[in-house]
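Worksheet: the structure to be examined is printed underneath.
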Number of protein chains: 2
Amino acid sequence: MANLMKPVFAAVSVIVFSAGIAAAQQGSDQAKIKKVLTTYETALNASDTGAIMKLYADDGVFMPQHSPSQVGADAVREAYEHVFEAITLDIEFEIVEILQVAPDWAFARTNSSGLVKINTTGDGASEGNQELFVFRKRDDGEWKIARYIFSTTSPRPR
Amino acid sequence: MANLMKPVFAAVSVIVFSAGIAAAQQGSDQAKIKKVLTTYETALNASDTGAIMKLYADDGVFMPQHSPSQVGADAVREAYEHVFEAITLDIEFEIVEILQVAPDWAFARTNSSGLVKINTTGDGASEGNQELFVFRKRDDGEWKIARYIFSTTSPRPR
């Protein structure tokens, strides 16, 4: 009996140990994804396309309001350059949820609010948006933005 | 040697067989998710909130442009009722990608275009949007909309 039980205990220990590693890994993944979001906020407010591009997957998709979806790094970069030519942002993100659904996939839902300045006129306005991010973990352990879409939460102008 | 090899062949057969099942299951999941999207298109064009609610997870989130995120079935239902009071849609969805990232999670990216009629005035206009859906598979094998956001692809009005 003792001999039969030993492998069972060993197997259970391995499972419990693995679950511990998995939980710790997931905590670390959450922290990394949160860091991507806060870095994105900082980069947006600095109109820093270079810093934003480091957060995107090479085949990432940016889906900005009032524009067709921008697929792949070159298109994404051009879209952000276009945005930062037009406006300067001073906004804050509130992270509503980060949900890791697979070892290398997660999504996050956020709200953002703050000020937008039209660069050509200097006019400012308040701005509110909701965002949905899909993240993919690369082989090197870094989480990157795979898909990203936002839309305004402000009422339709009448 | 023959005796040693037998279990190996058996194990390999099991793995190949499992992979076959997994591939077939994934094909079936893709088909089910595609069906949710086409049913959603039909329900939108019929202004049928009841049909739409059957496609959403109980804790689903609808993130309509010009509105805060609507969390949970009651809020989602109310938002669609509000939409269908205001407008009547005649649109088509183009599915750009459906990506299953875990046994019970997937996301889809689509484009939609067509006509929107303002119910109070009868005025019509063309409309183009991009959409990002997150789907979750329920225990009963049905895929439901867990998160859904869209934004217009039309240029900003000047």
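Lettering and numbering for the structure tokens are positional, with chains as A, B, ... in the shown order, residues counted from 1 in each chain, and ligands counted from 1 in the shown order.
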
Identify all chain B residues at most 8 Å from chain A by counting only C-alpha atoms; ligands do not count. Present them as a list in words. Met63, Pro64, Gln65, His66, Ser67, Pro68, Ser69, Val101, Ala102, Trp105, Gln130, Leu132, Ile149, Phe150, Ser151, Thr152, Thr153, Ser154, Pro155 and Arg156 of chain B

Generate the output file for the selected residues, N, CA and C atoms, as an mmCIF file, in the first residue's frame.
```
data_model
loop_
_atom_site.group_PDB
_atom_site.id
_atom_site.type_symbol
_atom_site.label_atom_id
_atom_site.label_comp_id
_atom_site.auth_asym_id
_atom_site.auth_seq_id
_atom_site.Cartn_x
_atom_site.Cartn_y
_atom_site.Cartn_z
ATOM 1 N N MET B 63 -20.142 48.013 -25.543
ATOM 2 C CA MET B 63 -19.451 49.293 -25.447
ATOM 3 C C MET B 63 -19.796 50.148 -26.676
ATOM 4 N N PRO B 64 -21.019 50.686 -26.708
ATOM 5 C CA PRO B 64 -21.426 51.445 -27.899
ATOM 6 C C PRO B 64 -20.798 52.832 -27.942
ATOM 7 N N GLN B 65 -20.454 53.254 -29.128
ATOM 8 C CA GLN B 65 -19.919 54.607 -29.328
ATOM 9 C C GLN B 65 -20.936 55.633 -28.818
ATOM 10 N N HIS B 66 -20.451 56.708 -28.238
ATOM 11 C CA HIS B 66 -21.307 57.777 -27.688
ATOM 12 C C HIS B 66 -22.105 57.328 -26.461
ATOM 13 N N SER B 67 -21.591 56.341 -25.740
ATOM 14 C CA SER B 67 -22.250 55.859 -24.516
ATOM 15 C C SER B 67 -21.201 55.208 -23.625
ATOM 16 N N PRO B 68 -21.362 55.307 -22.311
ATOM 17 C CA PRO B 68 -20.476 54.535 -21.430
ATOM 18 C C PRO B 68 -20.677 53.036 -21.668
ATOM 19 N N SER B 69 -19.714 52.220 -21.252
ATOM 20 C CA SER B 69 -19.816 50.760 -21.367
ATOM 21 C C SER B 69 -21.022 50.254 -20.583
ATOM 22 N N VAL B 101 -8.349 31.514 -28.945
ATOM 23 C CA VAL B 101 -7.066 31.594 -28.245
ATOM 24 C C VAL B 101 -7.015 30.658 -27.046
ATOM 25 N N ALA B 102 -8.123 30.022 -26.711
ATOM 26 C CA ALA B 102 -8.186 29.074 -25.591
ATOM 27 C C ALA B 102 -9.416 28.200 -25.837
ATOM 28 N N TRP B 105 -12.286 30.606 -25.087
ATOM 29 C CA TRP B 105 -12.188 32.039 -25.388
ATOM 30 C C TRP B 105 -11.781 32.244 -26.843
ATOM 31 N N GLN B 130 -16.020 49.511 -37.513
ATOM 32 C CA GLN B 130 -15.134 48.377 -37.250
ATOM 33 C C GLN B 130 -15.506 47.846 -35.869
ATOM 34 N N LEU B 132 -14.771 44.842 -32.598
ATOM 35 C CA LEU B 132 -13.959 43.819 -31.932
ATOM 36 C C LEU B 132 -14.850 43.095 -30.922
ATOM 37 N N ILE B 149 -17.206 45.934 -28.780
ATOM 38 C CA ILE B 149 -17.018 47.378 -28.986
ATOM 39 C C ILE B 149 -16.939 47.645 -30.483
ATOM 40 N N PHE B 150 -17.453 48.782 -30.891
ATOM 41 C CA PHE B 150 -17.316 49.198 -32.290
ATOM 42 C C PHE B 150 -16.968 50.680 -32.322
ATOM 43 N N SER B 151 -16.453 51.102 -33.458
ATOM 44 C CA SER B 151 -16.301 52.553 -33.677
ATOM 45 C C SER B 151 -16.440 52.820 -35.161
ATOM 46 N N THR B 152 -16.863 54.032 -35.476
ATOM 47 C CA THR B 152 -17.050 54.417 -36.866
ATOM 48 C C THR B 152 -15.704 54.464 -37.597
ATOM 49 N N THR B 153 -15.739 54.101 -38.868
ATOM 50 C CA THR B 153 -14.555 54.264 -39.722
ATOM 51 C C THR B 153 -14.698 55.474 -40.632
ATOM 52 N N SER B 154 -15.841 56.167 -40.519
ATOM 53 C CA SER B 154 -16.052 57.366 -41.334
ATOM 54 C C SER B 154 -15.200 58.515 -40.791
ATOM 55 N N PRO B 155 -14.717 59.376 -41.705
ATOM 56 C CA PRO B 155 -13.903 60.517 -41.237
ATOM 57 C C PRO B 155 -14.701 61.394 -40.273
ATOM 58 N N ARG B 156 -13.982 62.061 -39.393
ATOM 59 C CA ARG B 156 -14.612 62.979 -38.434
ATOM 60 C C ARG B 156 -15.320 64.092 -39.204
#
```

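Relative to CA of Asp90 (chain B), CA of Val116 (chain B) is found at 6.3 Å.
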
Excluding Leu55 (chain B) and any residue of its chain fewer than 3 positions from it, enumerate the residues within 10 Å of it, using only C-alpha atoms, and give them as a PyMOL selection string. chain B and resi 36-37+39-40+43+50-52+58+60+135+142-146

What does the file look like for those residues with C-alpha atoms, as a PDB file, in the first residue's frame?
```
ATOM      1  CA  VAL B  36     -23.250  34.084 -33.676  1.00  0.00           C
ATOM      2  CA  LEU B  37     -21.919  36.888 -35.899  1.00  0.00           C
ATOM      3  CA  THR B  39     -27.248  35.944 -36.266  1.00  0.00           C
ATOM      4  CA  TYR B  40     -26.142  39.241 -34.712  1.00  0.00           C
ATOM      5  CA  ALA B  43     -30.955  40.712 -35.355  1.00  0.00           C
ATOM      6  CA  GLY B  50     -34.618  39.792 -27.788  1.00  0.00           C
ATOM      7  CA  ALA B  51     -32.626  37.930 -30.428  1.00  0.00           C
ATOM      8  CA  ILE B  52     -29.514  39.943 -29.615  1.00  0.00           C
ATOM      9  CA  ASP B  58     -25.172  37.098 -18.819  1.00  0.00           C
ATOM     10  CA  GLY B  60     -21.487  40.490 -21.209  1.00  0.00           C
ATOM     11  CA  PHE B 135     -16.439  35.434 -27.119  1.00  0.00           C
ATOM     12  CA  GLU B 142     -22.572  27.656 -26.763  1.00  0.00           C
ATOM     13  CA  TRP B 143     -20.387  30.647 -27.617  1.00  0.00           C
ATOM     14  CA  LYS B 144     -21.626  33.975 -26.259  1.00  0.00           C
ATOM     15  CA  ILE B 145     -20.569  37.595 -26.714  1.00  0.00           C
ATOM     16  CA  ALA B 146     -18.523  38.487 -23.627  1.00  0.00           C
TER      17      ALA B 146
END
```

Run DSSP on the backbone of this structure and report the residues of region 10-68 of chain A it assigns to alpha helix (DSSP H), as a count of residues only. 41

Apply DSSP to the structure's backbone, then extract all residues of chain B labelled strand (DSSP E) and return them as number ranges by chain. B: 56-63, 70-71, 87-102, 105-118, 124-137, 143-152

So how far away is CA of Glu78 (chain A) from CA of Phe93 (chain A), in Å? 23.0 Å

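Proximity to Thr88 (chain A) at 12 Å, evaluated using only C-alpha atoms and with sequence-adjacent residues fewer than 5 positions away removed, yields A:Ala43, A:Leu44, A:Asn45, A:Ala46, A:Ser47, A:Asp48, A:Tyr80, A:Glu81, A:His82, A:Val83, A:Gly114, A:Leu115, A:Val116, A:Lys117, A:Ile118, A:Asn119, A:Thr120, A:Thr121, A:Gly122, A:Asp123, A:Gly124, A:Ala125, A:Ser126, A:Glu127.
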
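Put simply, CA of Gln30 (chain A) is 10.1 Å away from CA of Ala108 (chain A).
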